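Text of model-v2.cif, listed as mmCIF, C-alpha atoms and all ligand atoms:
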data_work
loop_
_atom_site.label_atom_id
_atom_site.label_comp_id
_atom_site.auth_asym_id
_atom_site.auth_seq_id
_atom_site.Cartn_x
_atom_site.Cartn_y
_atom_site.Cartn_z
CA MET I 1 0.00 0.00 0.00
CA LYS I 2 1.42 3.28 -1.08
CA ARG I 3 0.18 6.57 0.13
CA LEU I 4 1.67 9.84 -1.04
CA ALA I 5 1.26 12.70 1.31
CA PRO I 6 -0.69 15.43 -0.32
CA LEU I 7 1.68 18.02 -1.65
CA LEU I 8 1.16 21.55 -0.72
CA LEU I 9 0.54 22.69 -4.16
CA ALA I 10 -0.33 26.07 -2.83
CA ILE I 11 3.39 26.75 -2.79
CA SER I 12 3.46 27.74 -6.34
CA ILE I 13 6.11 29.28 -8.42
CA THR I 14 4.09 32.31 -9.29
CA ALA I 15 6.22 34.38 -6.94
CA LEU I 16 9.14 33.92 -9.27
CA ALA I 17 7.28 35.37 -12.15
CA ALA I 18 7.80 38.98 -11.17
CA CYS I 19 9.40 40.59 -14.12
CA GLY I 20 12.84 42.05 -14.24
CA GLN I 21 12.73 45.16 -12.09
CA GLN I 22 15.95 44.76 -10.17
CA ALA I 23 17.76 47.95 -11.08
CA SER I 24 17.41 49.67 -7.72
CA LYS I 25 19.75 47.33 -5.86
CA ASP I 26 22.84 49.55 -5.91
CA SER I 27 21.39 52.44 -3.96
CA ALA I 28 21.56 50.49 -0.69
CA ALA I 29 25.35 50.59 -0.78
CA GLU I 30 25.24 54.36 -0.74
CA SER I 31 23.15 54.67 2.37
CA ALA I 32 26.21 55.04 4.61
CA PRO I 33 28.36 57.76 3.04
CA GLU I 34 30.15 58.50 6.31
CA ALA I 35 32.13 55.29 6.32
CA LYS I 36 35.52 54.72 4.78
CA PRO I 37 36.31 51.02 4.41
CA GLY I 38 38.90 49.75 6.88
CA LEU I 39 39.06 52.92 8.94
CA ALA I 40 37.98 52.84 12.58
CA VAL I 41 37.75 55.54 15.20
CA THR I 42 37.66 54.56 18.87
CA GLY I 43 37.77 56.26 22.26
CA ALA I 44 36.80 59.70 21.00
CA GLU I 45 36.59 62.25 23.79
CA LEU I 46 36.16 66.01 23.79
CA VAL I 47 37.39 67.66 26.97
CA LEU I 48 35.40 70.82 27.52
CA PRO I 49 37.27 73.93 28.68
CA ALA I 50 37.37 74.86 32.36
CA VAL I 51 36.73 78.42 31.29
CA LYS I 52 33.86 79.16 28.97
CA GLY I 53 35.01 80.56 25.63
CA ASN I 54 38.27 78.62 25.61
CA PRO I 55 38.78 75.84 23.07
CA ALA I 56 38.07 72.21 23.86
CA GLY I 57 40.61 69.42 23.34
CA GLY I 58 39.65 66.43 21.20
CA TYR I 59 41.26 63.00 21.49
CA PHE I 60 40.70 59.71 19.66
CA THR I 61 42.41 56.70 18.16
CA LEU I 62 42.33 56.10 14.41
CA VAL I 63 43.22 52.74 12.90
CA ASN I 64 43.86 52.18 9.20
CA ASN I 65 42.98 48.55 8.53
CA SER I 66 42.71 49.10 4.80
CA ASP I 67 45.47 48.15 2.40
CA LYS I 68 46.13 51.72 1.29
CA PRO I 69 47.63 54.77 2.95
CA VAL I 70 45.07 57.43 3.78
CA THR I 71 45.55 61.11 4.43
CA LEU I 72 43.54 62.77 7.15
CA ALA I 73 42.88 66.30 5.95
CA ALA I 74 40.34 67.84 8.31
CA VAL I 75 38.31 67.25 11.43
CA SER I 76 35.01 68.64 12.56
CA ILE I 77 32.88 68.27 15.65
CA ASP I 78 29.16 68.82 15.66
CA GLY I 79 28.52 71.84 17.88
CA ALA I 80 31.93 73.45 17.39
CA ALA I 81 32.15 76.23 14.82
CA LYS I 82 35.71 75.24 13.97
CA ALA I 83 38.07 72.37 14.74
CA GLU I 84 41.76 72.09 13.91
CA MET I 85 44.36 69.36 14.11
CA HIS I 86 47.35 70.37 16.20
CA GLU I 87 50.54 68.75 17.27
CA THR I 88 52.46 69.55 20.43
CA LYS I 89 56.19 69.14 20.09
CA GLY I 90 58.73 70.30 22.62
CA GLY I 91 56.11 72.24 24.51
CA THR I 92 54.80 74.22 21.58
CA MET I 93 51.72 73.58 19.56
CA ALA I 94 51.53 73.86 15.78
CA PRO I 95 48.71 73.28 13.34
CA LEU I 96 48.82 69.97 11.53
CA ALA I 97 47.64 70.44 7.94
CA ASN I 98 47.28 66.78 7.14
CA LEU I 99 48.44 63.42 8.33
CA GLU I 100 49.22 60.27 6.38
CA ILE I 101 48.31 56.98 8.03
CA LYS I 102 49.89 53.91 6.49
CA PRO I 103 48.13 50.55 6.07
CA GLY I 104 48.00 48.84 9.44
CA GLU I 105 49.01 51.99 11.28
CA THR I 106 47.29 53.31 14.41
CA VAL I 107 47.41 57.02 15.18
CA LYS I 108 46.54 58.42 18.57
CA PHE I 109 45.35 61.93 19.17
CA GLU I 110 46.15 62.46 22.83
CA ARG I 111 47.21 64.96 25.44
CA GLY I 112 50.69 66.29 24.81
CA GLY I 113 50.80 65.03 21.22
CA LYS I 114 48.55 65.25 18.24
CA HIS I 115 45.20 66.61 19.27
CA VAL I 116 42.12 68.40 18.02
CA MET I 117 41.23 71.86 19.17
CA ALA I 118 37.60 72.84 18.86
CA PHE I 119 36.56 76.49 18.95
CA ASP I 120 33.34 78.42 19.48
CA LEU I 121 31.46 75.67 21.24
CA ASP I 122 27.71 75.52 21.19
CA ALA I 123 26.05 75.66 24.61
CA LYS I 124 24.45 72.28 23.89
CA LEU I 125 27.86 70.63 24.39
CA THR I 126 27.79 69.70 28.04
CA ALA I 127 29.83 67.23 30.07
CA GLY I 128 28.32 63.77 30.14
CA GLY I 129 26.69 64.13 26.76
CA ASP I 130 28.01 63.28 23.37
CA SER I 131 28.43 64.75 19.94
CA GLU I 132 29.74 63.60 16.59
CA LEU I 133 33.30 63.66 15.33
CA THR I 134 33.80 63.65 11.57
CA LEU I 135 37.14 63.03 9.91
CA THR I 136 37.58 64.10 6.31
CA PHE I 137 40.25 62.50 4.17
CA ALA I 138 42.16 64.00 1.27
CA ASP I 139 40.11 61.97 -1.22
CA GLY I 140 36.90 63.43 0.17
CA ASP I 141 35.84 60.33 2.09
CA LYS I 142 34.58 60.83 5.61
CA VAL I 143 34.39 58.81 8.79
CA SER I 144 32.09 59.78 11.64
CA ALA I 145 32.08 58.51 15.19
CA PRO I 146 30.39 59.46 18.44
CA ILE I 147 32.56 61.63 20.71
CA LYS I 148 32.01 61.78 24.47
CA LEU I 149 31.91 65.13 26.16
CA ALA I 150 33.97 65.34 29.34
CA ALA I 151 34.47 68.04 31.94
CA ALA I 152 37.89 69.66 32.18
CA GLY I 153 38.51 67.52 35.26
CA ALA I 154 42.00 66.23 35.87
CA ALA I 155 43.59 68.33 33.16
CA MET I 156 42.69 71.42 35.12
CA GLU I 157 45.26 70.96 37.83
CA HIS I 158 47.99 71.86 35.37
CA ILE I 159 46.58 75.26 34.65
CA ASP I 160 48.40 77.40 37.16
CA GLY I 161 46.26 79.45 39.43
CA MET I 162 43.19 78.98 37.33
CA GLU I 163 41.01 77.63 40.09
CA GLY I 164 42.25 79.92 42.84
CA MET I 165 42.92 76.98 45.12
CA ASP I 166 45.17 77.48 48.07
CA HIS I 167 47.25 74.33 48.11
CA SER I 168 49.96 75.45 45.74
CA GLU I 169 51.66 78.13 47.76
CA HIS I 170 55.40 78.39 47.20
CA SER I 171 57.20 80.78 49.50
CA ASN I 172 60.23 81.17 47.27
CU CU J 1 46.10 72.71 20.17
#

For the file at hand, write its structure as structure tokens.
Amino acid sequence: MKRLAPLLLAISITALAACGQQASKDSAAESAPEAKPGLAVTGAELVLPAVKGNPAGGYFTLVNNSDKPVTLAAVSIDGAAKAEMHETKGGTMAPLANLEIKPGETVKFERGGKHVMAFDLDAKLTAGGDSELTLTFADGDKVSAPIKLAAAGAAMEHIDGMEGMDHSEHSN
């Protein structure tokens, strides 16, 4: 005795009959313009000034995991009218026009070295919040990453006399 289970003929092939409208596939790849393949930004932090009106310091780590050198040409931070790349060398700070990052190289923007200075800060930038850091490369590509907003905090103790605290009295 042979009994064939009834086939679910309702599963038809009519769904495959849709005619050839497949041209709009490519547009999905363009939905993330702010991403450069192989480039990653981590640990971005903007240290707000202790004194309102002063510039903020921006720090982050940039890794080039692509197989080509890239040239970082500009930085911007949402909420800052202007941001510049600087480099501190031997105690003095100079603007950094652009920066080549080789394949496999990691570049750190940090205190006392390369850093970002952000000017004319919007009042919406407050400690504990976040904003957006955008890096622009020489070829026009961009990479954006969230940047944490931090209070001046520990960095402040190096600004002589700024806080009017009494513990730094030197008699000679
Ligand atoms: Cu600077």

Per-residue nearest contacts of chain I to ligand CU 1 (chain J) (10 Å; all atoms listed in the file) as JSON lines:
{"residue": "I:Pro55", "atom": "CA", "partner": "J:CU1", "partner_atom": "CU", "distance": 8.5}
{"residue": "I:Ala56", "atom": "CA", "partner": "J:CU1", "partner_atom": "CU", "distance": 8.9}
{"residue": "I:Gly57", "atom": "CA", "partner": "J:CU1", "partner_atom": "CU", "distance": 7.1}
{"residue": "I:Gly58", "atom": "CA", "partner": "J:CU1", "partner_atom": "CU", "distance": 9.1}
{"residue": "I:Ala83", "atom": "CA", "partner": "J:CU1", "partner_atom": "CU", "distance": 9.7}
{"residue": "I:Glu84", "atom": "CA", "partner": "J:CU1", "partner_atom": "CU", "distance": 7.6}
{"residue": "I:Met85", "atom": "CA", "partner": "J:CU1", "partner_atom": "CU", "distance": 7.1}
{"residue": "I:His86", "atom": "CA", "partner": "J:CU1", "partner_atom": "CU", "distance": 4.8}
{"residue": "I:Glu87", "atom": "CA", "partner": "J:CU1", "partner_atom": "CU", "distance": 6.6}
{"residue": "I:Thr88", "atom": "CA", "partner": "J:CU1", "partner_atom": "CU", "distance": 7.1}
{"residue": "I:Thr92", "atom": "CA", "partner": "J:CU1", "partner_atom": "CU", "distance": 8.9}
{"residue": "I:Met93", "atom": "CA", "partner": "J:CU1", "partner_atom": "CU", "distance": 5.7}
{"residue": "I:Ala94", "atom": "CA", "partner": "J:CU1", "partner_atom": "CU", "distance": 7.1}
{"residue": "I:Pro95", "atom": "CA", "partner": "J:CU1", "partner_atom": "CU", "distance": 7.3}
{"residue": "I:Leu96", "atom": "CA", "partner": "J:CU1", "partner_atom": "CU", "distance": 9.5}
{"residue": "I:Arg111", "atom": "CA", "partner": "J:CU1", "partner_atom": "CU", "distance": 9.4}
{"residue": "I:Gly112", "atom": "CA", "partner": "J:CU1", "partner_atom": "CU", "distance": 9.2}
{"residue": "I:Gly113", "atom": "CA", "partner": "J:CU1", "partner_atom": "CU", "distance": 9.1}
{"residue": "I:Lys114", "atom": "CA", "partner": "J:CU1", "partner_atom": "CU", "distance": 8.1}
{"residue": "I:His115", "atom": "CA", "partner": "J:CU1", "partner_atom": "CU", "distance": 6.2}
{"residue": "I:Val116", "atom": "CA", "partner": "J:CU1", "partner_atom": "CU", "distance": 6.2}
{"residue": "I:Met117", "atom": "CA", "partner": "J:CU1", "partner_atom": "CU", "distance": 5.0}
{"residue": "I:Ala118", "atom": "CA", "partner": "J:CU1", "partner_atom": "CU", "distance": 8.6}

Item to check | atom CA of I:Ala44 to atom CA of I:Tyr59, distance in Å rounded to a single decimal | outcome: 5.6 Å

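Rounded to one decimal, atom CA of I:Ala150 and atom CA of I:Asp130 lie 8.7 Å from each other.
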
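Using only C-alpha atoms, the smallest distance between any of I:Leu72, I:Ile77, I:Asn65, I:Glu110 and I:Asn98 comes from I:Leu72.
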
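Considering all atoms listed in the file, the residue among I:Lys142, I:Glu45, I:Val63, I:Thr71 positioned nearest to I:Gly129 is I:Glu45.
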
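Atom CA of I:Ala35 to atom CA of I:Val47 spans 24.6 Å [interatomic distance, one decimal].
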
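Minimum distance to I:Asp67 across I:Gly43, I:Gly90, I:Gly140, I:Gly104 (counting all atoms listed in the file) occurs at I:Gly104.
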
Write out as an mmCIF file with C-alpha atoms, in the frame of the given file each polymer residue whose atoms come within 10 Å of I:Leu125, counting only C-alpha atoms; drop sequence neighbours fewer than 3 positions from it.
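Output (selection-v7.cif):
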data_model
loop_
_atom_site.group_PDB
_atom_site.id
_atom_site.type_symbol
_atom_site.label_atom_id
_atom_site.label_comp_id
_atom_site.auth_asym_id
_atom_site.auth_seq_id
_atom_site.Cartn_x
_atom_site.Cartn_y
_atom_site.Cartn_z
ATOM 1 C CA LEU I 46 36.160 66.010 23.790
ATOM 2 C CA LEU I 48 35.400 70.820 27.520
ATOM 3 C CA ASP I 78 29.160 68.820 15.660
ATOM 4 C CA GLY I 79 28.520 71.840 17.880
ATOM 5 C CA ALA I 80 31.930 73.450 17.390
ATOM 6 C CA LEU I 121 31.460 75.670 21.240
ATOM 7 C CA ASP I 122 27.710 75.520 21.190
ATOM 8 C CA GLY I 128 28.320 63.770 30.140
ATOM 9 C CA GLY I 129 26.690 64.130 26.760
ATOM 10 C CA ASP I 130 28.010 63.280 23.370
ATOM 11 C CA SER I 131 28.430 64.750 19.940
ATOM 12 C CA LYS I 148 32.010 61.780 24.470
ATOM 13 C CA LEU I 149 31.910 65.130 26.160
ATOM 14 C CA ALA I 150 33.970 65.340 29.340
#

Checklist outcome for this item: Counting only C-alpha atoms, the residue among I:Val41, I:Ile101, I:Ala123, I:Ala50 that lies closest to I:Ala81 is I:Ala123

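You can rank I:Gly91, I:Lys82, I:Pro103, I:Ala74 by their closest distance to I:Phe137 using only C-alpha atoms, and at the top of that list sits I:Ala74.
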
Checklist entry - Could you pull the residues within 8 Å of I:Asn54, counting all atoms listed in the file, minus those fewer than 4 positions along the same chain, as a list in words? => result Pro49, Ala50, Phe119 and Asp120 of chain I

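Closest approach to I:Leu135 among I:Lys102, I:Lys36, I:Lys108, I:Lys68 is made by I:Lys36 (distances from all atoms listed in the file).
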